[in-house]
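Colleague: Right, I'll just put the structure down here and ask away after.
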Amino acid sequence: QVQLVESGGRLVQAGGSLRLSCSASGRILSTYGMGWFRQAPGKEREFVSAISVIGNNTGYADSVKGRFTISRDVIKNTLYLQMNSLRPEDTAVYYCAASSARQTIMQHTARENDYGIWGQGTPVTVSS
């Protein structure tokens with residue numbers, strides 16, 4: 001069974017950095033488009049970043065552009081989200097997700113409905 005397991009979330013001060021990891025079973029990372037989403041307390045889940053299957057086409061929410069970087073290590077079956085210059089408004093549970101949608105082969109997708117496999121989430125708290 002395909003599984004995604006996130007890790008790396010913790011309490012960090014504003015301005016600090018964190019790297020989230022998403023360990024995937026099977027060969028998900030070499031065949032699925034991947035994404036990161038987050039859900040802050042009392043808010044709906046929102047797109048953070050995504051990467052295509054081939055060519056590393058990436059996309060970012062405007063709120064994290066220039067601060068966050070998505071990457072993928074196919075050999076280690078792990079997806080990463082490097083988060084720099086963290087702000088209190090980045091506080092949320094972060095989820096990684098996998099998409100088998102055909103368009104994600106060459107193009108990332110920010111559409112939550114395109115993702116059919118989700119991890120359990122890892123909490124990130126940024127203190128001011």
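Ordered as shown in the structure tokens, chains take letters A, B, and onward, while each chain numbers its residues from 1 and ligands are numbered from 1 in the order shown.
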Set the distance at 8 Å and use only C-alpha atoms: which residues neighbour segment 122-128 of chain A once local chain neighbours fewer than 5 positions away are removed? I'd like the list as an mmCIF file with C-alpha atoms, in the first residue's frame.
Modeller:
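Resulting contents of out03.cif:
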data_model
loop_
_atom_site.group_PDB
_atom_site.id
_atom_site.type_symbol
_atom_site.label_atom_id
_atom_site.label_comp_id
_atom_site.auth_asym_id
_atom_site.auth_seq_id
_atom_site.Cartn_x
_atom_site.Cartn_y
_atom_site.Cartn_z
ATOM 1 C CA GLU A 6 6.025 13.492 6.918
ATOM 2 C CA SER A 7 8.585 14.512 9.516
ATOM 3 C CA GLY A 8 10.660 17.503 10.582
ATOM 4 C CA GLY A 9 8.000 19.787 11.969
ATOM 5 C CA ARG A 10 8.704 21.496 15.282
ATOM 6 C CA LEU A 11 8.681 24.794 17.139
ATOM 7 C CA VAL A 12 11.011 27.390 15.619
ATOM 8 C CA GLN A 13 11.540 31.114 16.083
ATOM 9 C CA ALA A 14 10.570 33.623 13.447
ATOM 10 C CA LEU A 86 9.902 31.518 8.654
ATOM 11 C CA ARG A 87 7.083 33.764 9.853
ATOM 12 C CA PRO A 88 4.400 33.235 12.504
ATOM 13 C CA GLU A 89 1.829 33.015 9.698
ATOM 14 C CA ASP A 90 3.612 29.878 8.443
ATOM 15 C CA THR A 91 2.344 28.061 11.532
ATOM 16 C CA ALA A 92 0.289 25.089 10.320
ATOM 17 C CA VAL A 93 0.161 21.363 9.897
ATOM 18 C CA TYR A 94 2.068 20.544 6.723
ATOM 19 C CA TYR A 95 0.976 17.684 4.498
#
Colleague: Which residues are near segment 33-44 of chain A? Cut-off 6 Å, only C-alpha atoms, ignore same chain within fewer than 3 positions. Put them as a list in words.
Modeller: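 Skipping anything fewer than 3 positions along the chain leaves Phe47, Val48, Ser49, Ala50, Ile51, Ser52, Val53, Ala92, Val93, Tyr94, Tyr95, Cys96, Ala97, Ala98, Ser99 and Thr104 of chain A.
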Colleague: Write the selection just made, keeping C-alpha atoms, as a compact mmCIF listing (two decimals), in the first residue's frame?
Modeller:
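Produced file out-v2.txt, reproduced below:
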# COMPACT_ATOMS: atom_id res chain seq x y z
CA PHE A 47 -1.42 24.86 -1.46
CA VAL A 48 2.23 25.52 -0.60
CA SER A 49 4.38 23.98 -3.33
CA ALA A 50 4.45 21.24 -5.94
CA ILE A 51 6.80 19.49 -8.34
CA SER A 52 6.23 17.55 -11.56
CA VAL A 53 7.28 13.98 -12.21
CA ALA A 92 0.29 25.09 10.32
CA VAL A 93 0.16 21.36 9.90
CA TYR A 94 2.07 20.54 6.72
CA TYR A 95 0.98 17.68 4.50
CA CYS A 96 2.67 16.06 1.57
CA ALA A 97 0.56 14.56 -1.18
CA ALA A 98 0.95 12.54 -4.37
CA SER A 99 -0.90 13.03 -7.63
CA THR A 104 1.69 16.28 -13.49
Colleague: Which value, in Å to one decimal, gives the distance between atom CA of Ser17 of chain A and atom CA of Asn84 of chain A?
Modeller: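 These atoms are spaced 4.4 Å apart.
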Colleague: One decimal, Å: what's the distance from atom CA of Ser23 of chain A over to atom CA of Val74 of chain A, could you say?
Modeller: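 Spanning atom CA of Ser23 of chain A to atom CA of Val74 of chain A is a straight-line distance of 10.4 Å.
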Colleague: What is the distance, in Å and to one decimal place, between atom CA of Thr78 of chain A and atom CA of Val2 of chain A?
Modeller: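 Computing it gives 13.3 Å between the two atoms.
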Colleague: Got a sec to tell me which of chain A DSSP assigns to helix (DSSP H, G or I), as a list of chain:residue names?
Modeller: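 Reading the DSSP output for chain A, helix (DSSP H, G or I) covers A:Ile28, A:Leu29, A:Ser30, A:Thr31, A:Pro88, A:Glu89, A:Asp90, A:Arg102, A:Gln103, A:Thr104, A:Ile105, A:Glu112, A:Asn113, A:Asp114.
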Colleague: Just N, CA and C atoms for this one: save the residues we selected as a compact mmCIF listing (two decimals), in the first residue's frame.
Modeller:
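result_5.txt written:
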# COMPACT_ATOMS: atom_id res chain seq x y z
N ILE A 28 6.73 6.01 -5.69
CA ILE A 28 5.84 7.16 -5.87
C ILE A 28 6.57 8.34 -6.48
N LEU A 29 7.74 8.65 -5.93
CA LEU A 29 8.41 9.88 -6.33
C LEU A 29 8.86 9.86 -7.79
N SER A 30 9.00 8.70 -8.37
CA SER A 30 9.44 8.65 -9.77
C SER A 30 8.27 8.54 -10.73
N THR A 31 7.06 8.44 -10.20
CA THR A 31 5.89 8.26 -11.07
C THR A 31 4.72 9.19 -10.75
N PRO A 88 5.48 33.82 11.69
CA PRO A 88 4.40 33.23 12.50
C PRO A 88 3.22 32.75 11.65
N GLU A 89 2.95 33.42 10.55
CA GLU A 89 1.83 33.02 9.70
C GLU A 89 2.10 31.72 8.93
N ASP A 90 3.31 31.18 9.03
CA ASP A 90 3.61 29.88 8.44
C ASP A 90 3.21 28.74 9.38
N ARG A 102 -2.45 12.94 -15.01
CA ARG A 102 -1.55 12.86 -16.17
C ARG A 102 -0.76 14.14 -16.40
N GLN A 103 -1.38 15.28 -16.12
CA GLN A 103 -0.72 16.54 -16.41
C GLN A 103 0.48 16.78 -15.50
N THR A 104 0.57 16.05 -14.40
CA THR A 104 1.69 16.28 -13.49
C THR A 104 2.98 15.64 -13.98
N ILE A 105 2.91 14.92 -15.10
CA ILE A 105 4.14 14.33 -15.64
C ILE A 105 5.13 15.44 -15.98
N GLU A 112 -5.82 20.86 -5.20
CA GLU A 112 -5.90 19.85 -4.15
C GLU A 112 -6.62 18.60 -4.63
N ASN A 113 -7.61 18.76 -5.49
CA ASN A 113 -8.39 17.61 -5.96
C ASN A 113 -7.58 16.69 -6.87
N ASP A 114 -6.44 17.15 -7.35
CA ASP A 114 -5.59 16.30 -8.18
C ASP A 114 -4.79 15.30 -7.36
Colleague: Between A:Asp73, A:Gln107, A:Asn56, A:Leu79, which has the minimum distance to Gly119 of chain A (counting only C-alpha atoms)?
Modeller: A:Leu79
Colleague: Out of A:Tyr32, A:Ala61, A:Tyr80, A:Phe68, which residue has the shortest atom-to-atom distance to Ser100 of chain A when counting only C-alpha atoms?
Modeller: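 Among the listed residues, A:Tyr32 lies closest to Ser100 of chain A.
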Colleague: From a backbone DSSP assignment, name each residue in chain A labelled strand (DSSP E or B), as a ChimeraX atom specification.
Modeller: /A:4-7,11-13,18-24,33-39,46-51,58-60,68-73,78-83,92-99,117-118,122-127
